[in-house]
file protein.csv (CSV, C-alpha atoms and all ligand atoms)
chain,number,residue,atom,x,y,z
A,562,MET,CA,79.4,-4.1,86.3
A,563,PHE,CA,82.8,-4.7,87.9
A,564,VAL,CA,82.0,-7.3,90.6
A,565,GLY,CA,85.3,-6.6,92.4
A,566,PHE,CA,84.2,-3.0,93.0
A,567,ARG,CA,81.3,-4.3,95.1
A,568,ASP,CA,83.3,-6.9,97.0
A,569,ARG,CA,82.0,-6.6,100.5
A,570,ASP,CA,85.2,-7.8,102.2
A,571,LEU,CA,87.4,-5.4,100.2
A,572,VAL,CA,85.0,-2.5,101.0
A,573,ARG,CA,85.0,-3.5,104.7
A,574,ARG,CA,88.8,-3.7,104.8
A,575,ALA,CA,89.1,-0.3,103.2
A,576,ALA,CA,86.7,1.1,105.8
A,577,SER,CA,88.6,-0.3,108.7
A,578,GLU,CA,91.8,1.1,107.1
A,579,VAL,CA,90.0,4.5,107.1
A,580,ALA,CA,89.3,4.1,110.9
A,581,LYS,CA,92.9,3.1,111.6
A,582,ARG,CA,94.4,6.0,109.7
A,583,ALA,CA,91.9,8.6,110.9
A,584,GLY,CA,92.6,7.8,114.6
A,585,SER,CA,90.6,10.0,116.8
A,586,ARG,CA,90.7,13.1,114.6
A,587,GLY,CA,87.4,14.4,113.3
A,588,PHE,CA,87.0,14.5,109.5
A,589,ARG,CA,84.3,16.2,107.4
A,590,ILE,CA,84.5,15.1,103.7
A,591,MET,CA,82.1,16.5,101.1
A,592,HIS,CA,81.0,15.2,97.8
A,593,VAL,CA,79.1,17.2,95.2
A,594,CYS,CA,77.4,14.6,93.1
A,595,GLY,CA,73.9,13.0,93.3
A,596,THR,CA,75.2,9.7,92.0
A,597,HIS,CA,77.8,9.6,94.8
A,598,GLU,CA,75.1,10.3,97.3
A,599,TRP,CA,73.0,7.5,95.8
A,600,SER,CA,76.0,5.1,96.0
A,601,ILE,CA,76.9,6.1,99.6
A,602,THR,CA,73.3,5.7,100.8
A,603,HIS,CA,72.3,2.7,98.8
A,604,PHE,CA,75.3,0.7,99.8
A,605,GLY,CA,75.3,1.9,103.4
A,606,LEU,CA,78.9,3.2,103.2
A,607,ARG,CA,78.3,5.8,106.0
A,608,GLU,CA,77.4,3.1,108.4
A,609,MET,CA,80.7,1.3,107.7
A,610,LEU,CA,82.8,4.4,108.6
A,611,PRO,CA,83.9,5.4,112.1
A,612,ALA,CA,81.8,8.0,113.8
A,613,ASN,CA,84.6,10.6,113.5
A,614,VAL,CA,84.6,10.4,109.7
A,615,LYS,CA,81.6,12.2,108.3
A,616,VAL,CA,80.8,12.2,104.6
A,617,VAL,CA,78.3,14.9,103.7
A,618,ALA,CA,76.5,15.7,100.5
A,619,GLY,CA,77.0,19.1,99.0
A,620,PRO,CA,75.1,20.8,96.1
A,621,GLY,CA,75.6,18.0,93.6
A,622,CYS,CA,72.0,17.7,92.3
A,623,PRO,CA,71.5,20.2,89.4
A,624,VAL,CA,67.7,20.1,89.6
A,625,CYS,CA,67.9,21.0,93.3
A,626,VAL,CA,70.0,24.1,92.8
A,627,THR,CA,68.0,25.5,89.8
A,628,PRO,CA,66.5,28.8,91.1
A,629,GLY,CA,62.7,28.8,91.6
A,630,ALA,CA,62.5,32.1,89.8
A,631,GLU,CA,64.0,30.5,86.7
A,632,ILE,CA,61.5,27.7,86.9
A,633,ASP,CA,58.7,30.3,87.2
A,634,ALA,CA,60.1,32.2,84.2
A,635,VAL,CA,60.0,29.2,81.9
A,636,ALA,CA,56.7,27.9,83.3
A,637,GLU,CA,55.2,31.3,82.4
A,638,LEU,CA,56.3,31.0,78.8
A,639,ALA,CA,54.4,27.7,78.5
A,640,ALA,CA,51.4,28.9,80.6
A,641,ARG,CA,51.0,32.0,78.5
A,642,ARG,CA,51.3,30.0,75.3
A,643,LYS,CA,54.4,31.9,74.2
A,644,ALA,CA,56.4,28.7,73.6
A,645,VAL,CA,56.5,25.0,73.8
A,646,VAL,CA,58.8,24.2,76.7
A,647,THR,CA,60.9,21.1,76.6
A,648,THR,CA,62.9,19.8,79.5
A,649,PHE,CA,64.1,16.6,81.3
A,650,GLY,CA,61.6,14.6,83.4
A,651,ASP,CA,63.1,15.5,86.8
A,652,VAL,CA,62.5,19.2,86.3
A,653,LEU,CA,58.8,18.9,85.7
A,654,ARG,CA,57.7,18.5,89.3
A,655,VAL,CA,60.2,20.8,90.9
A,656,PRO,CA,58.3,23.6,92.7
A,657,GLY,CA,59.4,27.1,91.6
A,658,ALA,CA,58.8,30.1,93.7
A,659,ARG,CA,55.2,30.5,92.4
A,660,SER,CA,54.6,27.7,90.0
A,661,SER,CA,56.1,24.6,88.4
A,662,LEU,CA,56.3,23.2,84.9
A,663,ALA,CA,53.8,20.5,85.9
A,664,GLU,CA,51.3,23.2,86.9
A,665,ALA,CA,51.9,25.1,83.6
A,666,LYS,CA,51.2,21.9,81.8
A,667,ALA,CA,48.0,21.2,83.8
A,668,ALA,CA,46.9,24.8,82.9
A,669,GLY,CA,47.1,23.9,79.2
A,670,GLY,CA,50.7,24.9,78.5
A,671,ASP,CA,52.6,22.8,76.1
A,672,VAL,CA,55.4,21.3,78.2
A,673,ARG,CA,57.1,18.2,76.8
A,674,VAL,CA,59.6,15.9,78.5
A,675,VAL,CA,62.6,15.0,76.2
A,676,TYR,CA,65.5,12.6,76.7
A,677,SER,CA,67.9,14.9,75.0
A,678,VAL,CA,68.2,18.4,73.6
A,679,SER,CA,68.4,17.0,70.1
A,680,ASP,CA,64.9,15.5,70.5
A,681,ALA,CA,63.7,19.1,71.3
A,682,VAL,CA,65.5,20.4,68.2
A,683,GLN,CA,63.8,17.8,66.0
A,684,MET,CA,60.4,18.8,67.5
A,685,ALA,CA,61.1,22.4,66.6
A,686,ARG,CA,62.0,21.4,63.1
A,687,ALA,CA,58.9,19.4,62.7
A,688,GLU,CA,56.6,22.3,63.9
A,689,PRO,CA,58.1,25.5,62.5
A,690,GLU,CA,54.9,27.5,63.3
A,691,LYS,CA,55.6,27.2,67.0
A,692,GLU,CA,58.3,28.6,69.2
A,693,PHE,CA,60.3,26.1,71.2
A,694,VAL,CA,62.3,26.8,74.4
A,695,HIS,CA,64.5,24.1,75.9
A,696,PHE,CA,65.0,24.5,79.6
A,697,SER,CA,68.6,23.5,79.7
A,698,ILE,CA,69.9,22.7,83.2
A,699,GLY,CA,72.8,20.7,84.6
A,700,PHE,CA,76.5,20.9,85.2
A,701,GLU,CA,79.4,20.4,82.8
A,702,THR,CA,78.1,17.0,81.9
A,703,THR,CA,74.9,18.2,80.1
A,704,ALA,CA,76.0,21.6,78.8
A,705,PRO,CA,78.1,20.1,75.9
A,706,MET,CA,74.9,18.6,74.4
A,707,SER,CA,73.1,22.0,74.3
A,708,ALA,CA,76.3,23.6,73.0
A,709,VAL,CA,76.7,21.2,70.2
A,710,GLU,CA,73.1,21.7,69.1
A,711,LEU,CA,73.6,25.5,68.9
A,712,ILE,CA,76.9,25.0,67.0
A,713,LYS,CA,75.2,22.7,64.5
A,714,GLY,CA,72.6,25.4,63.8
A,715,PRO,CA,69.1,24.7,65.1
A,716,PRO,CA,65.9,26.0,63.4
A,717,LYS,CA,65.0,29.7,63.9
A,718,ASN,CA,62.1,28.8,66.2
A,719,PHE,CA,64.4,27.1,68.7
A,720,SER,CA,66.2,28.6,71.7
A,721,ILE,CA,67.6,27.4,75.0
A,722,TYR,CA,67.1,28.9,78.5
A,723,SER,CA,70.4,28.2,80.0
A,724,SER,CA,70.4,27.4,83.7
A,725,HIS,CA,73.7,25.5,83.4
A,726,LYS,CA,76.2,25.7,86.2
A,727,LEU,CA,79.9,25.0,86.8
A,728,ILE,CA,81.0,22.9,89.7
A,729,PRO,CA,84.5,24.1,90.5
A,730,PRO,CA,83.4,27.7,91.5
A,731,ALA,CA,80.9,26.1,93.8
A,732,MET,CA,83.6,23.9,95.5
A,733,GLU,CA,85.7,27.0,95.8
A,734,PHE,CA,82.8,28.9,97.3
A,735,LEU,CA,82.2,26.1,99.9
A,736,LEU,CA,85.9,26.0,100.9
A,737,GLY,CA,86.0,29.8,101.2
A,738,SER,CA,82.9,30.0,103.2
A,739,GLY,CA,84.4,28.2,106.2
A,740,ALA,CA,82.2,25.1,105.9
A,741,GLY,CA,84.9,23.1,107.7
A,742,ILE,CA,85.6,20.7,104.8
A,743,ASP,CA,88.7,18.5,105.1
A,744,GLY,CA,88.6,17.4,101.5
A,745,PHE,CA,86.4,16.8,98.5
A,746,ILE,CA,85.3,13.7,96.7
A,747,CYS,CA,85.2,15.2,93.2
A,748,PRO,CA,82.3,14.3,91.0
A,749,GLY,CA,83.0,11.5,88.6
A,750,HIS,CA,80.8,12.5,85.7
A,751,VAL,CA,81.8,16.2,85.7
A,752,SER,CA,85.4,15.2,85.9
A,753,THR,CA,85.2,13.2,82.7
A,754,ILE,CA,84.5,16.5,81.0
A,755,ILE,CA,86.7,19.0,82.9
A,756,GLY,CA,89.5,16.6,83.7
A,757,ALA,CA,91.6,16.2,86.9
A,758,ARG,CA,93.7,19.3,86.3
A,759,ALA,CA,90.7,21.6,86.7
A,760,TYR,CA,90.9,21.1,90.5
A,761,GLU,CA,94.5,21.8,91.0
A,762,PRO,CA,94.2,25.6,91.5
A,763,ILE,CA,91.6,25.0,94.2
A,764,ALA,CA,93.5,22.2,96.0
A,765,SER,CA,96.6,24.4,96.2
A,766,LYS,CA,94.8,27.6,97.1
A,767,TYR,CA,92.9,26.1,100.0
A,768,GLY,CA,95.3,23.3,100.9
A,769,LYS,CA,92.7,20.6,100.7
A,770,PRO,CA,92.8,17.2,99.1
A,771,MET,CA,90.5,16.6,96.1
A,772,VAL,CA,90.1,13.1,95.0
A,773,ILE,CA,88.2,12.0,91.9
A,774,SER,CA,86.2,8.9,92.5
A,775,GLY,CA,84.0,6.5,90.5
A,776,PHE,CA,80.6,5.3,91.8
A,777,GLU,CA,81.1,1.7,92.9
A,778,PRO,CA,81.4,1.2,96.7
A,779,LEU,CA,85.1,0.4,96.5
A,780,ASP,CA,85.6,3.5,94.4
A,781,VAL,CA,84.0,5.7,97.0
A,782,ILE,CA,85.6,4.2,100.0
A,783,SER,CA,89.0,4.4,98.3
A,784,GLY,CA,88.4,8.1,97.7
A,785,ILE,CA,87.6,8.5,101.4
A,786,LEU,CA,90.7,6.6,102.4
A,787,ASN,CA,92.8,8.7,100.1
A,788,ILE,CA,91.5,12.0,101.6
A,789,VAL,CA,92.0,10.8,105.2
A,790,THR,CA,95.5,9.5,104.3
A,791,GLN,CA,96.4,12.9,102.6
A,792,VAL,CA,95.2,14.9,105.6
A,793,VAL,CA,97.1,12.9,108.2
A,794,SER,CA,100.2,13.0,106.1
A,795,GLY,CA,99.9,16.8,105.4
A,796,ARG,CA,99.3,16.4,101.7
A,797,ALA,CA,96.7,18.4,99.7
A,798,ALA,CA,96.8,17.1,96.2
A,799,VAL,CA,94.4,16.2,93.4
A,800,ASP,CA,94.4,12.4,93.0
A,801,ASN,CA,92.5,10.7,90.3
A,802,GLU,CA,91.2,7.4,91.6
A,803,TYR,CA,88.9,7.1,88.5
A,804,THR,CA,91.4,6.7,85.8
A,805,ARG,CA,89.2,4.2,83.9
A,806,ALA,CA,87.0,7.2,82.9
A,807,VAL,CA,88.8,10.5,83.8
A,808,ARG,CA,91.9,11.9,82.1
A,809,ALA,CA,94.0,14.8,83.4
A,810,GLU,CA,93.0,17.0,80.5
A,811,GLY,CA,89.3,15.9,80.4
A,812,ASN,CA,87.3,15.9,77.2
A,813,GLU,CA,88.7,18.7,75.2
A,814,ILE,CA,86.0,18.4,72.5
A,815,ALA,CA,83.2,18.8,75.0
A,816,MET,CA,85.1,21.7,76.8
A,817,GLY,CA,85.7,23.4,73.4
A,818,ALA,CA,81.9,23.2,72.6
A,819,ILE,CA,81.1,24.7,76.1
A,820,SER,CA,83.5,27.6,75.7
A,821,LYS,CA,82.4,28.3,72.1
A,822,VAL,CA,78.7,28.7,73.1
A,823,PHE,CA,78.7,29.7,76.8
A,824,GLU,CA,80.6,32.3,78.8
A,825,PRO,CA,80.9,32.3,82.6
A,826,CYS,CA,78.6,34.5,84.6
A,827,ASP,CA,77.6,34.9,88.2
A,828,SER,CA,74.8,32.5,89.0
A,829,PHE,CA,72.3,32.0,91.8
A,830,TRP,CA,72.2,28.5,93.4
A,831,ARG,CA,68.9,27.8,95.1
A,832,GLY,CA,69.2,27.6,98.8
A,833,ILE,CA,72.8,28.8,98.7
A,834,GLY,CA,73.1,32.2,97.0
A,835,THR,CA,75.0,33.8,94.2
A,836,ILE,CA,78.3,32.1,93.3
A,837,ARG,CA,80.7,34.2,91.2
A,838,GLY,CA,81.5,32.8,87.8
A,839,SER,CA,79.5,29.6,88.3
A,840,GLY,CA,76.9,30.1,85.6
A,841,MET,CA,77.0,29.5,81.8
A,842,ARG,CA,75.4,32.3,79.8
A,843,VAL,CA,74.8,31.9,76.0
A,844,ARG,CA,77.4,34.1,74.2
A,845,GLY,CA,76.2,37.0,72.0
A,846,THR,CA,77.1,35.1,68.9
A,847,TYR,CA,74.2,32.7,69.6
A,848,ARG,CA,71.8,35.4,70.8
A,849,GLU,CA,69.2,34.3,68.3
A,850,HIS,CA,68.9,31.0,70.2
A,851,ASP,CA,69.2,32.4,73.7
A,852,ALA,CA,65.6,32.3,75.2
A,853,ARG,CA,66.5,34.9,77.8
A,854,ALA,CA,67.2,37.5,75.1
A,855,ARG,CA,64.7,36.2,72.6
A,856,HIS,CA,61.7,36.1,74.9
A,857,GLY,CA,62.8,38.8,77.4
A,858,VAL,CA,62.7,36.5,80.4
A,859,GLU,CA,65.4,36.4,83.0
A,860,GLY,CA,64.6,34.8,86.3
A,861,GLY,CA,67.2,34.2,89.0
A,862,GLY,CA,67.8,35.9,92.3
A,863,ASP,CA,66.9,35.0,95.8
A,864,GLU,CA,63.3,33.9,95.7
A,865,GLY,CA,63.5,32.1,99.1
A,866,MET,CA,62.5,28.5,99.8
A,867,PRO,CA,59.1,27.0,100.6
A,868,GLU,CA,58.1,27.6,104.2
A,869,GLY,CA,59.8,25.3,106.6
A,870,CYS,CA,62.0,23.7,103.9
A,871,GLY,CA,65.5,23.0,105.0
A,872,CYS,CA,66.9,22.4,101.5
A,873,GLY,CA,69.4,25.2,101.9
A,874,ASP,CA,71.1,23.5,104.9
A,875,VAL,CA,70.9,20.1,103.2
A,876,LEU,CA,72.6,21.5,100.0
A,877,LEU,CA,75.4,22.9,102.1
A,878,GLY,CA,75.9,19.7,104.0
A,879,ARG,CA,74.8,21.4,107.3
A,880,MET,CA,71.8,19.2,107.9
A,881,GLU,CA,70.8,15.6,107.1
A,882,PRO,CA,67.4,15.3,105.4
A,883,GLU,CA,66.0,13.7,108.6
A,884,GLY,CA,66.8,16.9,110.4
A,885,CYS,CA,64.1,18.7,108.4
A,886,PRO,CA,60.8,18.7,110.2
A,887,LEU,CA,59.0,18.2,106.9
A,888,PHE,CA,61.0,15.1,105.9
A,889,GLY,CA,58.7,12.1,105.4
A,890,LYS,CA,55.7,13.9,106.7
A,891,ALA,CA,54.6,17.0,104.7
A,892,CYS,CA,57.4,16.3,102.2
A,893,THR,CA,57.7,13.0,100.4
A,894,PRO,CA,58.6,12.1,96.8
A,895,ALA,CA,54.9,11.8,96.0
A,896,ARG,CA,54.3,15.3,97.4
A,897,PRO,CA,57.6,17.2,97.4
A,898,VAL,CA,57.8,20.5,99.2
A,899,GLY,CA,61.5,21.3,98.5
A,900,PRO,CA,63.6,20.6,95.4
A,901,CYS,CA,65.8,18.0,97.1
A,902,MET,CA,62.8,15.6,97.4
A,903,VAL,CA,62.1,15.6,93.6
A,904,SER,CA,65.0,14.4,91.6
A,905,SER,CA,66.4,10.9,91.9
A,906,GLU,CA,69.7,12.7,92.6
A,907,GLY,CA,68.2,14.8,95.4
A,908,THR,CA,69.7,14.1,98.9
A,909,CYS,CA,66.2,14.0,100.5
A,910,ALA,CA,64.7,11.7,97.9
A,911,ILE,CA,67.6,9.3,98.2
A,912,ALA,CA,67.4,9.3,102.0
A,913,PHE,CA,63.6,8.7,101.8
A,914,LYS,CA,64.0,5.8,99.5
A,915,TYR,CA,66.9,4.0,101.0
A,916,ARG,CA,67.0,4.8,104.7
A,917,LYS,CA,63.4,3.5,105.0
A,918,VAL,CA,62.3,6.5,107.1
A,919,ARG,CA,58.5,6.7,106.8
B,1,LIG,S1,62.5,17.1,103.4
B,1,LIG,FE1,61.6,18.3,101.8
B,1,LIG,S2,61.4,20.4,102.6
B,1,LIG,FE2,62.8,19.3,104.0
B,1,LIG,S3,64.8,19.8,103.2
B,1,LIG,FE3,64.2,17.9,102.2
B,1,LIG,S4,63.2,18.6,100.3
B,1,LIG,FE4,63.4,20.4,101.6
call {"tool": "encode", "arguments": {"input": "protein.csv", "output": "structure tokens"}}
result
Amino acid sequence: MFVGFRDRDLVRRAASEVAKRAGSRGFRIMHVCGTHEWSITHFGLREMLPANVKVVAGPGCPVCVTPGAEIDAVAELAARRKAVVTTFGDVLRVPGARSSLAEAKAAGGDVRVVYSVSDAVQMARAEPEKEFVHFSIGFETTAPMSAVELIKGPPKNFSIYSSHKLIPPAMEFLLGSGAGIDGFICPGHVSTIIGARAYEPIASKYGKPMVISGFEPLDVISGILNIVTQVVSGRAAVDNEYTRAVRAEGNEIAMGAISKVFEPCDSFWRGIGTIRGSGMRVRGTYREHDARARHGVEGGGDEGMPEGCGCGDVLLGRMEPEGCPLFGKACTPARPVGPCMVSSEGTCAIAFKYRKVR
């Protein structure tokens, strides 16, 4: 840990500089990263900012935007004993449109939590008589691991169900949808893979500053200060404030693996809708290991949200979790109604844990 990045006085000074430079103009700054939301909420950064500078969470939690119909499709494979389904722990309890992986497991399906896709490949190798499907979700940060396993050549009984998504098309969608965003705090982890340059076409097309930030309080507040400064001075550039981890060109090896195995496709984001070119479909070369083709399961499309759930508005930064009538009442981390209350990166789960609303 870099102690200086948590220096209370430095963070306070940066916050008062934000207030000074923002003046009386209203600002709406969005981030698209669950870890940024954690940092902002955990360290109380919103409370340090002036009332006219709003920082809102966008669709930065991959588990939250995974379509319920895709969860159903994979849960059904397990429930009907067609395959052993492996996935990450967060996904297990996310409610689909009709079911969840936890319910499929309770009904006797073989659903296993793994820490990495290579664990799933090893299981498939050790049990060649069974079919294995890895439910592969996440943004550009997790997709390279799945891609590398397919490039290495997994056993014949292994396939992935790709629900991977790309972040830049979602940012472009949000800017184009008139969401009133003055600038983006770009996601730190995703940026280590795609690099700072990936945002340049969006910043210049929409004339909005895009600032890559790390996760410590001083990182985040510096990113906010950068955006406010750019806006008041009429700039709209991509600035990399996270140079200790992010390069302009990103991680070329990881990006190479992604483009070898996946091709972009339109993709449905839960609570938001279909975003053009934001999905990652397994290329035909790897069809044998594409669970959608191998098992004839698709999923996707608009399956709606649980009744009364405001996750769609939360994911678009239009509503704070506390604005949902179910927050902390019918919907809690112990009994989640919507996907944003499940994952540790979900905006509602973070608000419930750190804002002490009970
Ligand atoms: S409190 Fe629950 S139901 Fe409401 S928006 Fe959040 S996750 Fe969805």
call {"tool": "closest_residue", "arguments": {"input": "protein.csv", "among": "A:Thr893, A:Ser783, A:Asn718, A:Ser905", "to": "ligand LIG 1 (chain B)", "atoms": "only C-alpha atoms and all ligand atoms"}}
result
A:Thr893
call {"tool": "closest_atom_pairs", "arguments": {"input": "protein.csv", "of": "chain A", "to": "ligand LIG 1 (chain B)", "cutoff": "7 Å", "atoms": "all atoms listed in the file", "output": "CSV"}}
result
residue,atom,partner,partner_atom,distance
A:Gly869,CA,B:LIG1,S2,6.5
A:Cys870,CA,B:LIG1,S2,3.6
A:Gly871,CA,B:LIG1,S3,3.7
A:Cys872,CA,B:LIG1,S3,3.7
A:Val875,CA,B:LIG1,S3,6.1
A:Pro882,CA,B:LIG1,FE3,5.2
A:Cys885,CA,B:LIG1,FE2,4.6
A:Pro886,CA,B:LIG1,FE2,6.5
A:Leu887,CA,B:LIG1,FE2,4.9
A:Phe888,CA,B:LIG1,S1,3.5
A:Gly889,CA,B:LIG1,S1,6.6
A:Cys892,CA,B:LIG1,FE1,4.7
A:Thr893,CA,B:LIG1,FE1,6.7
A:Pro897,CA,B:LIG1,FE1,6.0
A:Val898,CA,B:LIG1,S2,5.0
A:Gly899,CA,B:LIG1,S4,3.7
A:Pro900,CA,B:LIG1,S4,5.3
A:Cys901,CA,B:LIG1,S4,4.2
A:Met902,CA,B:LIG1,S4,4.2
A:Cys909,CA,B:LIG1,FE3,4.7
call {"tool": "atom_distance", "arguments": {"input": "protein.csv", "atom1": "CA of Glu864 in chain A", "atom2": "CA of Gly834 in chain A"}}
result
10.0 Å
call {"tool": "residues_around", "arguments": {"input": "protein.csv", "residues": "Leu606 in chain A", "least_positions_apart": "5", "cutoff": "9 Å", "atoms": "all atoms listed in the file", "output": "ChimeraX atom specification"}}
result
/A:572,576,600-601,778,781-782
call {"tool": "write_last_selection", "arguments": {"input": "protein.csv", "atoms": "C-alpha atoms", "output": "PDB file, keeping the file's coordinate frame"}}
result
ATOM      1  CA  VAL A 572      85.000  -2.500 101.000  1.00  0.00           C
ATOM      2  CA  ALA A 576      86.700   1.100 105.800  1.00  0.00           C
ATOM      3  CA  SER A 600      76.000   5.100  96.000  1.00  0.00           C
ATOM      4  CA  ILE A 601      76.900   6.100  99.600  1.00  0.00           C
ATOM      5  CA  PRO A 778      81.400   1.200  96.700  1.00  0.00           C
ATOM      6  CA  VAL A 781      84.000   5.700  97.000  1.00  0.00           C
ATOM      7  CA  ILE A 782      85.600   4.200 100.000  1.00  0.00           C
TER       8      ILE A 782
END
call {"tool": "residues_near_point", "arguments": {"input": "protein.csv", "point": "(83.0, 24.8, 71.8)", "cutoff": "12 Å", "atoms": "only C-alpha atoms", "output": "PyMOL selection string"}}
result
chain A and resi 704-713+812-824+843-844
call {"tool": "residues_around", "arguments": {"input": "protein.csv", "residues": "Leu571 in chain A", "least_positions_apart": "3", "cutoff": "12 Å", "atoms": "only C-alpha atoms", "output": "ChimeraX atom specification"}}
result
/A:564-568,574-578,777-780,782-783
call {"tool": "write_last_selection", "arguments": {"input": "protein.csv", "atoms": "C-alpha atoms", "output": "PDB file, in the frame of the given file"}}
result
ATOM      1  CA  VAL A 564      82.000  -7.300  90.600  1.00  0.00           C
ATOM      2  CA  GLY A 565      85.300  -6.600  92.400  1.00  0.00           C
ATOM      3  CA  PHE A 566      84.200  -3.000  93.000  1.00  0.00           C
ATOM      4  CA  ARG A 567      81.300  -4.300  95.100  1.00  0.00           C
ATOM      5  CA  ASP A 568      83.300  -6.900  97.000  1.00  0.00           C
ATOM      6  CA  ARG A 574      88.800  -3.700 104.800  1.00  0.00           C
ATOM      7  CA  ALA A 575      89.100  -0.300 103.200  1.00  0.00           C
ATOM      8  CA  ALA A 576      86.700   1.100 105.800  1.00  0.00           C
ATOM      9  CA  SER A 577      88.600  -0.300 108.700  1.00  0.00           C
ATOM     10  CA  GLU A 578      91.800   1.100 107.100  1.00  0.00           C
ATOM     11  CA  GLU A 777      81.100   1.700  92.900  1.00  0.00           C
ATOM     12  CA  PRO A 778      81.400   1.200  96.700  1.00  0.00           C
ATOM     13  CA  LEU A 779      85.100   0.400  96.500  1.00  0.00           C
ATOM     14  CA  ASP A 780      85.600   3.500  94.400  1.00  0.00           C
ATOM     15  CA  ILE A 782      85.600   4.200 100.000  1.00  0.00           C
ATOM     16  CA  SER A 783      89.000   4.400  98.300  1.00  0.00           C
TER      17      SER A 783
END
call {"tool": "atom_distance", "arguments": {"input": "protein.csv", "atom1": "CA of Gly860 in chain A", "atom2": "CA of Tyr722 in chain A"}}
result
10.1 Å
call {"tool": "residues_around", "arguments": {"input": "protein.csv", "residues": "Arg831 in chain A", "least_positions_apart": "5", "cutoff": "7 Å", "atoms": "all atoms listed in the file", "output": "ChimeraX atom specification"}}
result
/A:626-628
call {"tool": "write_last_selection", "arguments": {"input": "protein.csv", "atoms": "C-alpha atoms", "output": "CSV table (one decimal), keeping the file's coordinate frame"}}
result
chain,number,residue,atom,x,y,z
A,626,VAL,CA,70.0,24.1,92.8
A,627,THR,CA,68.0,25.5,89.8
A,628,PRO,CA,66.5,28.8,91.1
call {"tool": "atom_distance", "arguments": {"input": "protein.csv", "atom1": "CA of Lys717 in chain A", "atom2": "CA of Pro825 in chain A"}}
result
24.7 Å
call {"tool": "closest_atom_pairs", "arguments": {"input": "protein.csv", "of": "range 786-879 of chain A", "to": "range 756-765 of chain A", "cutoff": "7 Å", "atoms": "only C-alpha atoms", "output": "tab-separated table"}}
result
residue	atom	partner	partner_atom	distance
A:Ala797	CA	A:Ala764	CA	6.2
A:Ala798	CA	A:Ala764	CA	6.1
A:Val799	CA	A:Glu761	CA	6.1
A:Asn801	CA	A:Ala757	CA	6.5
A:Val807	CA	A:Gly756	CA	6.1
A:Arg808	CA	A:Gly756	CA	5.5
A:Ala809	CA	A:Ala757	CA	4.5
A:Glu810	CA	A:Gly756	CA	4.8
A:Gly811	CA	A:Gly756	CA	3.4
A:Asn812	CA	A:Gly756	CA	6.9
call {"tool": "closest_residue", "arguments": {"input": "protein.csv", "among": "A:Val694, A:Ile742, A:Met732, A:Ala639", "to": "Glu849 in chain A", "atoms": "only C-alpha atoms"}}
result
A:Val694
call {"tool": "closest_residue", "arguments": {"input": "protein.csv", "among": "A:His856, A:Arg586, A:His725, A:His750", "to": "Phe696 in chain A", "atoms": "only C-alpha atoms"}}
result
A:His725
call {"tool": "closest_residue", "arguments": {"input": "protein.csv", "among": "A:Ala612, A:Ala687, A:Ile785, A:Ala731", "to": "Gly584 in chain A", "atoms": "only C-alpha atoms"}}
result
A:Ala612
call {"tool": "closest_residue", "arguments": {"input": "protein.csv", "among": "A:Ala636, A:Ser585, A:Ile911, A:Arg842", "to": "His597 in chain A", "atoms": "all atoms listed in the file"}}
result
A:Ile911
call {"tool": "closest_residue", "arguments": {"input": "protein.csv", "among": "A:Val858, A:Thr790, A:Ala640, A:Ser679", "to": "Ala667 in chain A", "atoms": "all atoms listed in the file"}}
result
A:Ala640
call {"tool": "residues_around", "arguments": {"input": "protein.csv", "residues": "range 673-677 of chain A", "least_positions_apart": "5", "cutoff": "8 Å", "atoms": "all atoms listed in the file", "output": "list in words"}}
result
Val645, Val646, Thr647, Thr648, Phe649, Gly650, Leu653 and Met706 of chain A
call {"tool": "decode", "arguments": {"input": "protein.csv", "residues": "range 565-586 of chain A", "atoms": "C-alpha atoms", "output": "PDB file, in the first residue's frame"}}
result
ATOM      1  CA  GLY A 565       0.755   8.778   0.589  1.00  0.00           C
ATOM      2  CA  PHE A 566      -2.184   7.855  -1.606  1.00  0.00           C
ATOM      3  CA  ARG A 567      -4.355   7.683   1.514  1.00  0.00           C
ATOM      4  CA  ASP A 568      -3.029  10.854   3.101  1.00  0.00           C
ATOM      5  CA  ARG A 569      -6.141  12.520   4.484  1.00  0.00           C
ATOM      6  CA  ASP A 570      -4.774  16.071   4.206  1.00  0.00           C
ATOM      7  CA  LEU A 571      -3.672  15.610   0.612  1.00  0.00           C
ATOM      8  CA  VAL A 572      -7.066  14.169  -0.327  1.00  0.00           C
ATOM      9  CA  ARG A 573      -8.870  17.049   1.459  1.00  0.00           C
ATOM     10  CA  ARG A 574      -6.682  19.614  -0.296  1.00  0.00           C
ATOM     11  CA  ALA A 575      -7.411  18.022  -3.664  1.00  0.00           C
ATOM     12  CA  ALA A 576     -11.150  18.014  -2.859  1.00  0.00           C
ATOM     13  CA  SER A 577     -11.126  21.723  -1.961  1.00  0.00           C
ATOM     14  CA  GLU A 578      -9.250  22.405  -5.198  1.00  0.00           C
ATOM     15  CA  VAL A 579     -12.082  20.592  -7.013  1.00  0.00           C
ATOM     16  CA  ALA A 580     -14.572  22.943  -5.317  1.00  0.00           C
ATOM     17  CA  LYS A 581     -12.498  26.004  -6.214  1.00  0.00           C
ATOM     18  CA  ARG A 582     -12.113  25.082  -9.877  1.00  0.00           C
ATOM     19  CA  ALA A 583     -15.696  23.852 -10.328  1.00  0.00           C
ATOM     20  CA  GLY A 584     -17.123  27.144  -9.068  1.00  0.00           C
ATOM     21  CA  SER A 585     -20.906  27.076  -9.281  1.00  0.00           C
ATOM     22  CA  ARG A 586     -21.125  24.977 -12.454  1.00  0.00           C
TER      23      ARG A 586
END
